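Q: Could you have a look at this structure, given as structure tokens, before my questions?
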Amino acid sequence: MLKRILHRLEGRRAPVFVVLLGVLLLLPSVSTDFSADDYIHRTMLDDAVQVTGFERTPTDIFSFATGDAGITSQHIEEGVFPWWASAEAKLSFYRPLSSLTHALDHALFPESAVVQHLHSIAWFALLSVLLLALYRRFETRAGFALLPLLIFVIDDAHGPTVGWIANRNAIIAAALVAGVLLLHDTARRQQSQGAAIAAPLLLVVALFSGESAVAAGAFLFSYACFIDTGSLRQRIAGLMPYLGVVVVWRVVYRALGYGTADSEVYLDPASSPLGFASAAAIRMPPLLLGQLGFPWSDFAAFWPDGEQLKFVLITLAGLLPLLGVAIYLARRDRQCAFWLVATVLAIVPVCSTFPADRLLMIVSIGGAGLVGRVLVMASEDQLVDASAGRTLRFVVKGIVPAFVLFHLILAPLLLPIRAMSMRTINQIVEMSNSTIPDGSEITEKTVIAVNPPLDAFMAYIPFVRAVNGTPRPVRQRWLATGVSELEVTRVGPQALEVFAAAGFQATLSERMTRGADNPLRTGDVVELSDLTITITSTRGGRADRARFDFAGPLNSPELVWLVWEDRGFVAFTPPPIGETVRLPAIDVAALVFGD
């Protein structure tokens with residue numbers, strides 16, 4: 001099968017076919033409507049549908065929490081952020097080039113998700129063409145150069161990336177990084193001064209399209225180690241302009257007030273090196289295994305909280321044989337070494353947030369190169385040398401059918417499905433949105449959701465309703481999330497006490513706006529306009545019991561009480577004084593993927 005594929009890739013029209021194949025497999029994404037952050041972007045770009053505190057310019061639509069305590073308090077007050085969010089939380093990313101592409105979409109086709117999806121696919125097509133030129137620099141035979149491109153364009157991990165309009169920055173950054181690598185290779189091989197100047201300048205543009213472009217450094221470093229033929233001094237000197245660009249970009253980025261803070265989801269390696277290193281040790285194995293094999297790194301989000309070490313060990317069990325073979329081959333083949341080191345190092349900056357395949361676009365430039373090189377060596381019977389033992393031969397040769405299965409058979413079958421994966425997020429939000437009252441009278445009321453399954457079931461609702469012109473509550477609150485078993489006790493005429501068996505921030509998404517270094521402690525008080533929350537108990541460093549004192553009677557007609565039941569919200573009546581209502585934990589995985 002492998003030799004037959006390589007033979008077909010030698011055809012004159014094969015490059016066009018491969019690029020078009022990737023585009024065709026991604027086309028099902030156009031059937032997906034706007035999703036999640038798409039709605040936030042639309043409110044930022046349309047003055048008529050603003051959500052308080054989310055006013056932005058067309059070059060600045062990736063700043064979700066600015067670190068300004070006053071603005072963050074507005075987000076908490078309206079119910080975009082949970083009550084436990086830190087006022088100092090910052091989730092602010094400066095991506096002016098990517099922002100402008102969305103502003104263009106909004107100016108020309110504001111209501112067309114189809115056109116905006118096609119815009120993203122066009123960037124992917126450009127990326128594919130640039131990678132074709134890049135892979136040709138490393139393989140002389142046409143079929144051998146097209147194999148890594150084929151692996152890249154049919155990689156099912158790209159489905160969630162391209163299929164989510166708001167994630168276009170990852171595609172743009174990858175395309176520009178591919179351009180940087182092409183220019184750098186030209187500069188080093190041909191001693192081109194023009195390319196040597198253009199490459200760092202293009203990296204500037206890439207960095208201001210998406211922070212993921214910093215992964216270009218992994219490829220440039222690996223290139224200097226394994227491909228560049230100059231002296232050590234020349235190779236180091238060739239990297240200095242890029243290092244200078246990254247340092248200046250970082251200084252400007254921080255000076256403008258962008259970055260992350262007080263979040264356990266998004267970590268800044270420079271501000272919290274130890275916290276980042278600890279998180280990277282857990283996040284890197286599933287990301288690398290998701291790139292080279294299976295399962296998807298997204299499954300890390302469903303692993304039980306507090307059992308990360310067990311998860312890492314299970315992931316490593318699948319990853320180590322793949323890495324062992326790659327290292328063995330890298331010792332004998334400089335191209336293998338180049339792609340392997342670039343892939344591993346490119347994952348490091350990705351570890352600044354939770355594992356997800358949508359983050360692997362730049363990493364997979366190296367991953368596809370590595371897998372392609374291994375399969376090329378297999379086709380030429382170069383995988384093992386005469387000195388290899390029987391066990392080593394068995395393991396090395398066993399990797400080939402695994403790579404063929406994962407990357408050439410299953411990947412193209414899964415890519416169209418994963419390109420529509422944002423439908424799941426839409427369904428999640430719609431489950432809650434459709435079961436919250438939407439009559440005109442709701443605009444004067446406060447919705448109190450006792451146990452939404454996840455933050456996302458509530459946080460996106462103000463944006464969705466603002467864009468769709470649907471009446472929305474004056475504010476919304478959620479007492480806890482349903483991932484934990486809850487006990488809701490009436491402790492006074494206007495007060496409830498809620499005990500969350502797993503704690504109030506049991507999932508990683510709940511810790512997006514409050515980091516581990518700033519936990520809620522017993523006695524801490526959160527003051528809102530209509531509600532005072534007092535932490536009454538903590539366990540294991542996490543708040544697990546809180547008292548909610550409302551400004552008025554709990555049966556006030558201004559309050560709409562809701563509780564999650566089956567697949568939506570239903571009306572809830574607070575218990576009488578002294579009595580407790582117990583709510584079972586919600587199986588979020590079953591809810592999302594179906595029973």
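For the structure tokens, the naming scheme is as follows: chains receive sequential letters (A, B, ...) according to their order of presentation, residues are indexed from 1 within each chain, and ligands are indexed from 1 in presentation order.
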Near region 312-315 of chain A, counting only C-alpha atoms, which residues have an atom at most 9 Å away, once you skip same-chain residues fewer than 2 positions from it, shown as a PyMOL selection string?
A: chain A and resi 281-286+289+295+307-310+317-320
Q: What residues in region 3-37 of chain A get the DSSP label helix (DSSP H, G or I)? Please answer as a PyMOL selection string.
A: chain A and resi 3-8+14-31+37
Q: What does the file look like for those residues with C-alpha atoms, as a PDB file, in the first residue's frame?
A:
```
ATOM      1  CA  LYS A   3       4.708   1.942  -2.273  1.00  0.00           C
ATOM      2  CA  ARG A   4       1.508   2.288  -4.291  1.00  0.00           C
ATOM      3  CA  ILE A   5       0.775   5.641  -2.606  1.00  0.00           C
ATOM      4  CA  LEU A   6       4.325   6.851  -3.255  1.00  0.00           C
ATOM      5  CA  HIS A   7       4.040   5.815  -6.891  1.00  0.00           C
ATOM      6  CA  ARG A   8       0.822   7.806  -7.343  1.00  0.00           C
ATOM      7  CA  ALA A  14      -0.348  14.904  -7.765  1.00  0.00           C
ATOM      8  CA  PRO A  15       0.515  18.209  -5.979  1.00  0.00           C
ATOM      9  CA  VAL A  16      -2.757  19.792  -7.100  1.00  0.00           C
ATOM     10  CA  PHE A  17      -4.666  16.675  -6.094  1.00  0.00           C
ATOM     11  CA  VAL A  18      -3.139  16.592  -2.605  1.00  0.00           C
ATOM     12  CA  VAL A  19      -3.884  20.259  -1.878  1.00  0.00           C
ATOM     13  CA  LEU A  20      -7.442  19.925  -3.198  1.00  0.00           C
ATOM     14  CA  LEU A  21      -7.953  16.747  -1.176  1.00  0.00           C
ATOM     15  CA  GLY A  22      -7.224  18.636   2.029  1.00  0.00           C
ATOM     16  CA  VAL A  23      -9.631  21.395   1.031  1.00  0.00           C
ATOM     17  CA  LEU A  24     -12.397  18.957   0.073  1.00  0.00           C
ATOM     18  CA  LEU A  25     -12.105  17.045   3.357  1.00  0.00           C
ATOM     19  CA  LEU A  26     -12.476  20.324   5.252  1.00  0.00           C
ATOM     20  CA  LEU A  27     -15.478  21.593   3.284  1.00  0.00           C
ATOM     21  CA  PRO A  28     -18.047  19.977   5.642  1.00  0.00           C
ATOM     22  CA  SER A  29     -17.042  22.664   8.172  1.00  0.00           C
ATOM     23  CA  VAL A  30     -19.119  25.187   6.186  1.00  0.00           C
ATOM     24  CA  SER A  31     -22.253  23.459   7.465  1.00  0.00           C
ATOM     25  CA  ASP A  37     -15.914  32.743  20.654  1.00  0.00           C
TER      26      ASP A  37
END
```
Q: Just the residues within 7 Å of Ile586 (chain A), please, counting only C-alpha atoms, with nothing from its chain fewer than 3 positions along; format it as an NGL selection string.
A: :A and (453 or 482-483)
Q: Excluding same-chain residues fewer than 6 positions from Ala206 (chain A), what lies within 7 Å of it counting only C-alpha atoms, as an MDAnalysis selection string?
A: chainID A and resid 173 176:177 213
Q: Once you have the residues from the selection above, write them out as a CSV table (one decimal), in the first residue's frame, restricted to N, CA and C atoms.
A:
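Wrote it out as selection09.csv, contents follow:
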```csv
chain,number,residue,atom,x,y,z
A,173,ALA,N,-1.0,32.0,11.4
A,173,ALA,CA,0.4,31.9,12.0
A,173,ALA,C,1.2,30.8,11.4
A,176,LEU,N,2.4,31.7,7.9
A,176,LEU,CA,3.5,32.7,7.9
A,176,LEU,C,4.8,32.0,8.5
A,177,VAL,N,4.7,31.1,9.4
A,177,VAL,CA,5.8,30.3,9.9
A,177,VAL,C,6.4,29.5,8.7
A,213,ALA,N,3.1,31.4,16.8
A,213,ALA,CA,4.2,31.5,15.8
A,213,ALA,C,5.6,31.5,16.5
```
Q: Taking only C-alpha atoms into account, which of A:Ile577, A:Leu181, A:Val560, A:Ile165 comes nearest Leu118 (chain A)?
A: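 That would be A:Ile165, the residue with the smallest distance to Leu118 (chain A).
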Q: Which of region 55-195 of chain A end up as strand (DSSP E or B) when DSSP is run on this backbone - answer as a VMD selection string?
A: chain A and resid 63 to 66 90 to 92
Q: Kindly save the residues from that selection, with N, CA and C atoms included, as a CSV table (one decimal), in the first residue's frame.
A:
```
chain,number,residue,atom,x,y,z
A,63,SER,N,-8.9,39.9,23.1
A,63,SER,CA,-8.7,40.3,24.5
A,63,SER,C,-10.0,40.1,25.3
A,64,PHE,N,-10.0,39.0,26.1
A,64,PHE,CA,-11.3,38.6,26.7
A,64,PHE,C,-11.3,39.0,28.2
A,65,ALA,N,-10.2,39.2,28.8
A,65,ALA,CA,-10.1,39.7,30.2
A,65,ALA,C,-8.8,40.5,30.2
A,66,THR,N,-9.0,41.8,30.5
A,66,THR,CA,-7.9,42.7,30.3
A,66,THR,C,-7.0,42.8,31.5
A,90,LYS,N,-6.4,37.9,33.7
A,90,LYS,CA,-6.1,38.4,32.4
A,90,LYS,C,-6.0,37.3,31.4
A,91,LEU,N,-6.8,37.5,30.3
A,91,LEU,CA,-6.7,36.6,29.1
A,91,LEU,C,-6.8,37.5,27.9
A,92,SER,N,-5.6,38.1,27.6
A,92,SER,CA,-5.6,39.1,26.6
A,92,SER,C,-4.5,38.8,25.6
```
